[in-house]
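Novice: Below you will find the structure I want to go over with you.
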Amino acid sequence: MAPTKFGVGQSVLRKEDDPLIRGKGRYTDDYAPQASAHALVLRSPHAHATFKLDANAARQLPGVLAILTAEDVKDLGGLPCLFNLPDNPFQGPDYPILVGGEVRHVGDAVAFVVADTLAHARDALEAVAVEWTPQPAAIGAGNAIKPGAPQVWPQFPGNVLFDASIGDRAAAEAAFAKAHTVAEIKIVNPRIVTNYMETRAAVCEYDAKRDHFTLTIGSQGSHRLRDILCQNVLKIPTEKMRVVCPDVGGGFGTKLFPYREYALLAVAAKKIGKPIRWTADRSDHFVGDSQGRDNITTARMALAEDGKFLGMDVDLIGDLGGYLSTFGPYIPYGGAGMLPGLYDIKAFHCRIRTVFTHTVPVDAYRGAGRPEAAYVIERLVDACARKLGMSPDAVRRKNFIPPRALPYTTATGKVYDSGDFAAHLKRAMDVGEWKDFAKRIKTAKKQGLVRGIGLASYVEVCGTMGEETAKVVLDPDGDLTVLIGSQSSGQGHQTAYAQIVAEQFGVAPERVRVIQGDTDKVATGLGTGGSASIPSGGVSVQRATHQLGEQLREIAADALETSVADLEIADGIVRIAGTDRSISFADLAKRPGVDPSKLNASATFSSADGTYPNGTHLVEIELDPATGKIRIVNYVIVDDFGVTLNPLLLAGQVHGGTMQGIGQALMERAVYDAEDGQLVTGTFMDYAMPRAADGAPIVFETHNVPCKTNPMGVKGAGEAGAIGSCPAVVNAIIDALWREYRIDHIDMPATPERVWMAIREHERQHRL
């Protein structure tokens, strides 16, 4: 029986919110074991330098318990990269836990200081003597591949890790040979600092009697972290470490990875015999956590005279930073597979070069390669429209994959199973009053302002993290517990999983407890990433709940002396259908002689095919040519997520991702000094973040077509807002600039300064 009040599809309020809004959330930095020591990391002030370090004097200072240098951790393994090319494997450089001799980005870790108080740790950090010899730095992937550029790693000439291709080069060349015309763009997807509200933190406790570590940490997955730290770095059995994740204040991909501090805490905790706490300050975050995006892309489309896309060719350069982060090289490579977008493009080729630079390593950030791909194709489609003299909606309709062609295999091998792409485009245009835009242009012009309107119809692939197992347990009091290895960092898992259980058992979500983030309590887990929690974890919960229901019917059949076929479950009881004879969940749990294994059930699900959420973002902006300031005046989103589990949670995810995309489109950019590699935007004084006033009220709707490859029909939703937003915002800005000035290009972030300079340059050229 599916309850209408609490089940799938209902706007159930978040269970998580009450303690959080009352200030009773429990984050890693709230955990303070008695007699804890404090740790800090000594980081390089140079992008590239050789150095000599002497910590002897610092070790003698009051309160100092340990100072670790490269020599102290030389037996540890480095941080691993978990991706390699399928056909041409590479051997990446070592990513040491502490660096000895040569640093490769500002923030590179050279020492780890532990003291009885944070003040003493800071004193010791300043007392470590380091003799630096700065070296030339390679900054920016475009500069790093130029002849004569400084080398990041001697074994990678030209700073290129790999130069690979996907698609069919010959087919693409043939398409361009017969093209009526060609549209081309060259765009920069700028580097982003992946700021979340709660900076990374960790507490490590060592039990000498058991030779066992407990690591309390804010991350996106406890099991993956434990396994990498134990197997790859510390080289100990996984049963020697318990990882616990309390409340987590945001992740966006960046908290999924292992970092140096976690292994250093374990080594130091064992060395001094005390718990150790470490919390990153915001400056630590800017130079110590992986960053995102940072691609330079040239893309061309071969066009027929009627506007049909004949072929696409792309040259993509991805900046990796100074080391290979966990999935770093995969992000541009995997993202390239989504470059064809929603369009029927038979011939496709992409060259992908991944490049080392003397900067913070780059890895997955909300969308992980798919936002970069959507930005390229949607910017290119608008360029095609301008080249052909077509409207941006018309060129999209001309080339969308039609519903009758689904399932459709793209030129990169992705299989789109479901959708109606023209339908969500039309709905977004209707809601956004596209037909009346000309009137609004005139009104704005009377005020000295310029209006622009932009579209982005995106698609992404998600839900392919691997197997996720859920266990559902009937508790002695008749409530239920879900144990699962995904990890919430604000998405609302406690509510979402409870709704799936409520759907089948008819209990209120308050009666369903969700346990995540504890490797001692939850047997396995992949963590949360790639919008996989509901497409994979949700299916596991659904199946485990169904199995438990079957087992409870069997127990109830014995108790009620009837057949299983006569029983139904509703309102947390099992009853004989059509009668008042029933037994409660609590009585079932306490029934004498019941096999305890029948009071729980587990299920595992993995989607090899993934899911393909898609949709259209429509953005209308107003531009002040006197200042370059841009204001978003209208924002419409129509998405296809297959099936909506909880409209409130879904809207929150879409709004949050969209604001992140708006931030990237209008203001966010990590800037490194081209000469010495300093991170110029190293604090919130210099790195701009979006506020509520920088967005606009978002009109959000769904036009769902159930996913055919997912048992629940759902398509992942956590990253979608960040994928459709950037191209829609920038296309709207370029639309305004093109209408008024015939300016057809601007790179993100489209800051007032950049817009103002583009307009002034146009005026200068036309005065000549």
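Chain lettering (A, B, ...) mirrors the order of the structure tokens, residue numbering begins at 1 for each chain separately, and ligand numbering begins at 1 in order of display.
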Compile a residue-level contact table for segment 582-677 of chain A against segment 275-299 of chain A at a cut-off of 12 Å, reporting for every qualifying residue the shortest atom pair and its distance in Å to one decimal, with only C-alpha atoms counted, rows ordered by chain and ascending number, as a Markdown table.
Specialist:
| residue | atom | partner | partner_atom | distance |
| --- | --- | --- | --- | --- |
| A:Gly661 | CA | A:Arg293 | CA | 11.8 |
| A:Gln664 | CA | A:Arg293 | CA | 10.0 |
| A:Glu668 | CA | A:Gly292 | CA | 11.2 |
| A:Arg669 | CA | A:Asp294 | CA | 9.4 |
| A:Ala670 | CA | A:Gln291 | CA | 8.8 |
| A:Val671 | CA | A:Asp294 | CA | 10.8 |
| A:Tyr672 | CA | A:Val287 | CA | 11.2 |
| A:Gly677 | CA | A:Val287 | CA | 11.8 |
Novice: Compile the contact shell of Leu125 of chain A as a count of residues only: residues with an atom at most 8 Å away, counting only C-alpha atoms, same-chain residues fewer than 3 positions apart removed.
Specialist: 8
Novice: For Thr644 of chain A, list every protein, DNA or RNA residue within 9 Å, evaluated using only C-alpha atoms, and leave out those in the same chain fewer than 4 positions away; present the list as a list in words.
Specialist: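 That gives Val8, Gly9, Gln10, Leu650, Thr702, Asn704, Val714 and Lys715 of chain A.
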Novice: As number ranges by chain, please: every residue in segment 36-166 of chain A that DSSP puts in strand (DSSP E or B).
Specialist: A: 37-43, 49-54, 64-68, 102-103, 109-115, 129-134, 160-166
Novice: Leaving out Arg386 of chain A and any residue of its chain fewer than 5 positions from it, which residues lie within 12 Å of it when counting only C-alpha atoms, given as a count of residues only?
Specialist: 23
Novice: Check the smallest atom-to-atom distance from each of A:Gly100, A:Gly537, A:Pro147, A:Pro45 to Pro134 of chain A using only C-alpha atoms, then report the winner.
Specialist: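 Of the candidates, the smallest distance to Pro134 of chain A is held by A:Pro45.
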Novice: Atom CA of Pro80 of chain A and atom CA of Phe252 of chain A are how many Å apart?
Specialist: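 Separating atom CA of Pro80 of chain A from atom CA of Phe252 of chain A is a distance of 20.1 Å.
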Novice: Counting only C-alpha atoms, what is within 9 Å of Leu618 of chain A, bar same-chain residues fewer than 2 positions away, as a VMD selection string?
Specialist: chain A and resid 425 428 to 429 432 453 to 457 616 620 634 to 638 725 728 to 729 732
Novice: Could you dump the residues just selected with all heavy atoms as a tab-separated table (two decimals), in the first residue's frame?
Specialist:
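This went into selection-v1.tsv:
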chain	number	residue	atom	x	y	z
A	425	LEU	N	12.15	22.28	-23.87
A	425	LEU	CA	12.54	23.56	-24.47
A	425	LEU	C	11.32	24.45	-24.68
A	425	LEU	O	11.32	25.63	-24.30
A	425	LEU	CB	13.25	23.32	-25.80
A	425	LEU	CG	13.56	24.57	-26.63
A	425	LEU	CD1	14.62	25.42	-25.96
A	425	LEU	CD2	14.00	24.19	-28.04
A	428	ALA	N	9.89	25.74	-21.34
A	428	ALA	CA	10.72	26.81	-20.76
A	428	ALA	C	10.48	28.13	-21.50
A	428	ALA	O	10.39	29.20	-20.87
A	428	ALA	CB	12.19	26.43	-20.81
A	429	MET	N	10.37	28.07	-22.81
A	429	MET	CA	10.13	29.29	-23.60
A	429	MET	C	8.75	29.87	-23.31
A	429	MET	O	8.58	31.10	-23.24
A	429	MET	CB	10.31	29.00	-25.08
A	429	MET	CG	11.74	28.65	-25.46
A	429	MET	SD	11.92	28.17	-27.20
A	429	MET	CE	11.52	29.72	-28.01
A	432	GLY	N	8.89	31.39	-19.84
A	432	GLY	CA	9.76	32.56	-19.88
A	432	GLY	C	9.26	33.66	-20.79
A	432	GLY	O	9.94	34.69	-20.97
A	453	ILE	N	18.59	37.27	-23.86
A	453	ILE	CA	17.90	36.05	-23.44
A	453	ILE	C	18.68	34.85	-23.96
A	453	ILE	O	19.19	34.88	-25.10
A	453	ILE	CB	16.43	36.05	-23.94
A	453	ILE	CG1	15.61	35.00	-23.18
A	453	ILE	CG2	16.34	35.89	-25.44
A	453	ILE	CD1	14.10	35.17	-23.35
A	454	GLY	N	18.83	33.85	-23.13
A	454	GLY	CA	19.66	32.71	-23.51
A	454	GLY	C	19.06	31.39	-23.10
A	454	GLY	O	18.30	31.29	-22.13
A	455	LEU	N	19.42	30.35	-23.86
A	455	LEU	CA	18.96	29.00	-23.61
A	455	LEU	C	20.15	28.07	-23.40
A	455	LEU	O	21.24	28.30	-23.93
A	455	LEU	CB	18.16	28.47	-24.80
A	455	LEU	CG	16.85	29.15	-25.17
A	455	LEU	CD1	16.39	28.67	-26.53
A	455	LEU	CD2	15.80	28.87	-24.11
A	456	ALA	N	19.91	27.01	-22.66
A	456	ALA	CA	20.85	25.89	-22.61
A	456	ALA	C	20.02	24.64	-22.38
A	456	ALA	O	19.32	24.54	-21.37
A	456	ALA	CB	21.88	26.06	-21.50
A	457	SER	N	20.07	23.72	-23.32
A	457	SER	CA	19.39	22.43	-23.17
A	457	SER	C	20.47	21.39	-22.93
A	457	SER	O	21.23	21.05	-23.84
A	457	SER	CB	18.56	22.11	-24.42
A	457	SER	OG	17.50	23.03	-24.56
A	616	THR	N	16.04	22.13	-19.85
A	616	THR	CA	16.34	23.43	-20.47
A	616	THR	C	16.34	24.51	-19.40
A	616	THR	O	15.42	24.60	-18.59
A	616	THR	CB	15.31	23.78	-21.55
A	616	THR	OG1	15.43	22.86	-22.64
A	616	THR	CG2	15.52	25.19	-22.08
A	620	GLU	N	17.12	35.35	-18.65
A	620	GLU	CA	17.01	36.70	-19.22
A	620	GLU	C	17.81	37.65	-18.34
A	620	GLU	O	17.68	37.62	-17.11
A	620	GLU	CB	15.55	37.13	-19.29
A	620	GLU	CG	15.33	38.43	-20.03
A	620	GLU	CD	13.85	38.73	-20.27
A	620	GLU	OE1	13.04	37.77	-20.30
A	620	GLU	OE2	13.51	39.92	-20.42
A	634	ASN	N	15.15	37.09	-15.03
A	634	ASN	CA	14.21	35.99	-15.18
A	634	ASN	C	15.00	34.69	-15.32
A	634	ASN	O	16.00	34.64	-16.05
A	634	ASN	CB	13.33	36.19	-16.42
A	634	ASN	CG	12.18	35.21	-16.49
A	634	ASN	OD1	11.79	34.62	-15.48
A	634	ASN	ND2	11.63	35.01	-17.68
A	635	TYR	N	14.57	33.65	-14.60
A	635	TYR	CA	15.26	32.36	-14.69
A	635	TYR	C	14.21	31.26	-14.66
A	635	TYR	O	13.45	31.13	-13.69
A	635	TYR	CB	16.24	32.19	-13.52
A	635	TYR	CG	17.38	31.24	-13.85
A	635	TYR	CD1	18.70	31.68	-13.83
A	635	TYR	CD2	17.15	29.92	-14.21
A	635	TYR	CE1	19.75	30.82	-14.15
A	635	TYR	CE2	18.19	29.07	-14.54
A	635	TYR	CZ	19.49	29.53	-14.50
A	635	TYR	OH	20.51	28.68	-14.83
A	636	VAL	N	14.17	30.46	-15.71
A	636	VAL	CA	13.21	29.37	-15.84
A	636	VAL	C	13.96	28.07	-16.08
A	636	VAL	O	14.88	28.02	-16.90
A	636	VAL	CB	12.22	29.62	-17.01
A	636	VAL	CG1	11.26	28.43	-17.16
A	636	VAL	CG2	11.45	30.91	-16.80
A	637	ILE	N	13.57	27.03	-15.36
A	637	ILE	CA	14.16	25.71	-15.54
A	637	ILE	C	13.04	24.70	-15.71
A	637	ILE	O	12.11	24.64	-14.90
A	637	ILE	CB	15.02	25.29	-14.34
A	637	ILE	CG1	16.12	26.32	-14.05
A	637	ILE	CG2	15.64	23.91	-14.56
A	637	ILE	CD1	16.88	26.06	-12.76
A	638	VAL	N	13.14	23.88	-16.75
A	638	VAL	CA	12.25	22.75	-16.94
A	638	VAL	C	13.12	21.52	-17.12
A	638	VAL	O	13.87	21.42	-18.10
A	638	VAL	CB	11.31	22.93	-18.15
A	638	VAL	CG1	10.36	21.74	-18.26
A	638	VAL	CG2	10.52	24.23	-18.02
A	725	SER	N	23.21	25.81	-15.94
A	725	SER	CA	23.19	27.24	-15.62
A	725	SER	C	24.26	28.05	-16.35
A	725	SER	O	23.96	29.11	-16.91
A	725	SER	CB	23.33	27.42	-14.11
A	725	SER	OG	24.39	26.65	-13.59
A	728	ALA	N	23.54	28.80	-20.05
A	728	ALA	CA	22.35	29.62	-20.22
A	728	ALA	C	22.63	31.07	-19.87
A	728	ALA	O	22.22	31.99	-20.59
A	728	ALA	CB	21.22	29.07	-19.35
A	729	VAL	N	23.34	31.30	-18.76
A	729	VAL	CA	23.65	32.67	-18.35
A	729	VAL	C	24.56	33.35	-19.37
A	729	VAL	O	24.32	34.49	-19.79
A	729	VAL	CB	24.30	32.67	-16.95
A	729	VAL	CG1	24.81	34.07	-16.60
A	729	VAL	CG2	23.31	32.19	-15.90
A	732	ALA	N	22.87	34.20	-22.60
A	732	ALA	CA	22.02	35.39	-22.46
A	732	ALA	C	22.86	36.66	-22.54
A	732	ALA	O	22.46	37.66	-23.16
A	732	ALA	CB	21.26	35.34	-21.14
Novice: Pick out the residues sitting within 10 Å of Ala405 of chain A, and hand them over as number ranges by chain; count only C-alpha atoms, and ignore anything fewer than 3 positions along from it in its own chain.
Specialist: A: 344, 401-402, 408-409, 416-418
Novice: Write to file, as a compact mmCIF listing (two decimals), in the first residue's frame, the residues of the selection just made, with N, CA, C and O atoms.
Specialist:
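The resulting file, part.txt, is reproduced below:
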# COMPACT_ATOMS: atom_id res chain seq x y z
N ASP A 344 21.65 15.18 -32.50
CA ASP A 344 21.90 14.07 -33.43
C ASP A 344 23.14 14.41 -34.26
O ASP A 344 23.04 14.99 -35.33
N ILE A 401 17.74 15.08 -30.81
CA ILE A 401 17.40 13.68 -31.02
C ILE A 401 15.90 13.55 -30.73
O ILE A 401 15.44 13.88 -29.63
N PRO A 402 15.09 13.08 -31.69
CA PRO A 402 13.64 13.00 -31.46
C PRO A 402 13.29 11.82 -30.56
O PRO A 402 14.03 10.83 -30.49
N TYR A 408 18.93 6.00 -28.01
CA TYR A 408 19.83 6.54 -29.02
C TYR A 408 21.26 6.41 -28.52
O TYR A 408 21.57 6.82 -27.40
N THR A 409 22.11 5.86 -29.35
CA THR A 409 23.54 5.74 -29.02
C THR A 409 24.30 6.89 -29.66
O THR A 409 24.29 7.03 -30.89
N TYR A 416 21.17 7.17 -24.61
CA TYR A 416 20.08 7.93 -24.02
C TYR A 416 18.81 7.08 -24.11
O TYR A 416 18.38 6.70 -25.22
N ASP A 417 18.22 6.77 -22.98
CA ASP A 417 17.10 5.83 -22.97
C ASP A 417 15.74 6.49 -23.10
O ASP A 417 14.78 5.87 -23.57
N SER A 418 15.62 7.75 -22.67
CA SER A 418 14.29 8.35 -22.59
C SER A 418 14.39 9.86 -22.59
O SER A 418 15.43 10.43 -22.24
Novice: Counting only C-alpha atoms, what is within 12 Å of Asp477 of chain A, bar same-chain residues fewer than 5 positions away, as an MDAnalysis selection string?
Specialist: chainID A and resid 511:512 572 584:591
Novice: Suppose we keep all heavy atoms; can you now write the selection as a CSV table (one decimal), in the first residue's frame?
Specialist:
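Listing of part_12.csv after writing:
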chain,number,residue,atom,x,y,z
A,511,ARG,N,9.5,7.5,11.8
A,511,ARG,CA,9.7,6.2,12.4
A,511,ARG,C,10.8,5.4,11.6
A,511,ARG,O,11.1,4.2,11.9
A,511,ARG,CB,8.4,5.3,12.3
A,511,ARG,CG,7.4,5.8,13.3
A,511,ARG,CD,6.2,4.9,13.2
A,511,ARG,NE,6.5,3.5,13.7
A,511,ARG,CZ,5.7,2.5,13.6
A,511,ARG,NH1,4.5,2.7,13.2
A,511,ARG,NH2,6.1,1.3,14.0
A,512,VAL,N,11.5,6.1,10.7
A,512,VAL,CA,12.6,5.5,9.9
A,512,VAL,C,13.9,6.2,10.2
A,512,VAL,O,14.0,7.4,10.0
A,512,VAL,CB,12.3,5.5,8.4
A,512,VAL,CG1,13.4,4.8,7.7
A,512,VAL,CG2,11.0,4.9,8.1
A,572,GLY,N,2.3,0.4,9.4
A,572,GLY,CA,3.2,-0.2,10.4
A,572,GLY,C,2.6,-1.4,11.0
A,572,GLY,O,3.1,-1.8,12.1
A,584,SER,N,1.2,-5.9,15.0
A,584,SER,CA,2.0,-4.7,14.8
A,584,SER,C,3.5,-5.1,14.5
A,584,SER,O,3.9,-6.2,14.8
A,584,SER,CB,2.0,-3.8,16.0
A,584,SER,OG,2.7,-4.4,17.1
A,585,PHE,N,4.2,-4.1,13.9
A,585,PHE,CA,5.6,-4.4,13.7
A,585,PHE,C,6.3,-4.6,15.0
A,585,PHE,O,7.2,-5.5,15.1
A,585,PHE,CB,6.2,-3.1,13.0
A,585,PHE,CG,6.0,-3.1,11.5
A,585,PHE,CD1,5.2,-3.9,10.9
A,585,PHE,CD2,6.8,-2.2,10.7
A,585,PHE,CE1,5.0,-3.9,9.5
A,585,PHE,CE2,6.6,-2.2,9.4
A,585,PHE,CZ,5.7,-3.0,8.7
A,586,ALA,N,6.0,-3.9,16.1
A,586,ALA,CA,6.7,-4.1,17.3
A,586,ALA,C,6.4,-5.5,17.9
A,586,ALA,O,7.3,-6.2,18.4
A,586,ALA,CB,6.2,-3.1,18.4
A,587,ASP,N,5.2,-6.0,17.7
A,587,ASP,CA,4.9,-7.4,18.2
A,587,ASP,C,5.6,-8.4,17.3
A,587,ASP,O,6.1,-9.5,17.8
A,587,ASP,CB,3.4,-7.6,18.2
A,587,ASP,CG,2.7,-6.9,19.3
A,587,ASP,OD1,3.4,-6.5,20.3
A,587,ASP,OD2,1.5,-6.7,19.2
A,588,LEU,N,5.7,-8.1,16.0
A,588,LEU,CA,6.5,-9.0,15.2
A,588,LEU,C,8.0,-9.1,15.6
A,588,LEU,O,8.6,-10.2,15.6
A,588,LEU,CB,6.4,-8.6,13.7
A,588,LEU,CG,5.1,-8.8,13.0
A,588,LEU,CD1,5.2,-8.1,11.6
A,588,LEU,CD2,4.9,-10.3,12.8
A,589,ALA,N,8.5,-7.9,15.9
A,589,ALA,CA,9.9,-7.9,16.3
A,589,ALA,C,10.2,-8.6,17.6
A,589,ALA,O,11.3,-9.2,17.8
A,589,ALA,CB,10.4,-6.4,16.5
A,590,LYS,N,9.2,-8.7,18.5
A,590,LYS,CA,9.4,-9.3,19.8
A,590,LYS,C,8.8,-10.7,19.9
A,590,LYS,O,8.8,-11.4,20.9
A,590,LYS,CB,8.7,-8.4,20.9
A,590,LYS,CG,9.5,-7.1,21.1
A,590,LYS,CD,8.8,-6.3,22.1
A,590,LYS,CE,7.5,-5.7,21.7
A,590,LYS,NZ,7.0,-4.6,22.6
A,591,ARG,N,8.3,-11.2,18.8
A,591,ARG,CA,7.6,-12.5,18.8
A,591,ARG,C,8.6,-13.6,19.1
A,591,ARG,O,9.7,-13.7,18.5
A,591,ARG,CB,7.0,-12.8,17.4
A,591,ARG,CG,6.2,-14.1,17.4
A,591,ARG,CD,5.3,-14.2,16.2
A,591,ARG,NE,4.7,-15.5,16.0
A,591,ARG,CZ,3.7,-15.9,16.8
A,591,ARG,NH1,3.1,-15.1,17.6
A,591,ARG,NH2,3.2,-17.2,16.6
Novice: Would you give me, as a ChimeraX atom specification, the residues in segment 142-263 of chain A that DSSP reads as helix (DSSP H, G or I)?
Specialist: /A:142-144,157-159,169-177,222-234,238-240,254-256,260-263
Novice: Please determine, counting only C-alpha atoms, which residue among A:Gly249, A:Gly610, A:Gly527, A:Pro361 has the shortest atom-to-atom distance to Val415 of chain A.
Specialist: A:Gly610
Novice: Could you tell me how far atom CA of Lys446 of chain A lies from atom CA of Arg764 of chain A, in Å and to one decimal?
Specialist: 24.0 Å
Novice: Choose the residue, out of A:Val450, A:Leu265, A:Ala722, A:Ala32, that has the smallest atom-to-atom separation from Gln653 of chain A; count only C-alpha atoms.
Specialist: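 Closest to Gln653 of chain A of all the choices is A:Ala722.
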Novice: Find the residue from A:Gly77, A:Gly448, A:Gly140, A:Pro371 that sits nearest to Ile236 of chain A; use only C-alpha atoms when measuring.
Specialist: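 Selected residue with least distance to Ile236 of chain A: A:Gly77.
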Novice: With distances taken over only C-alpha atoms, which of A:Val203, A:Val619, A:Ala179, A:Ile21 is nearest to Glu305 of chain A?
Specialist: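 So, comparing all the options, the nearest one is A:Ala179.
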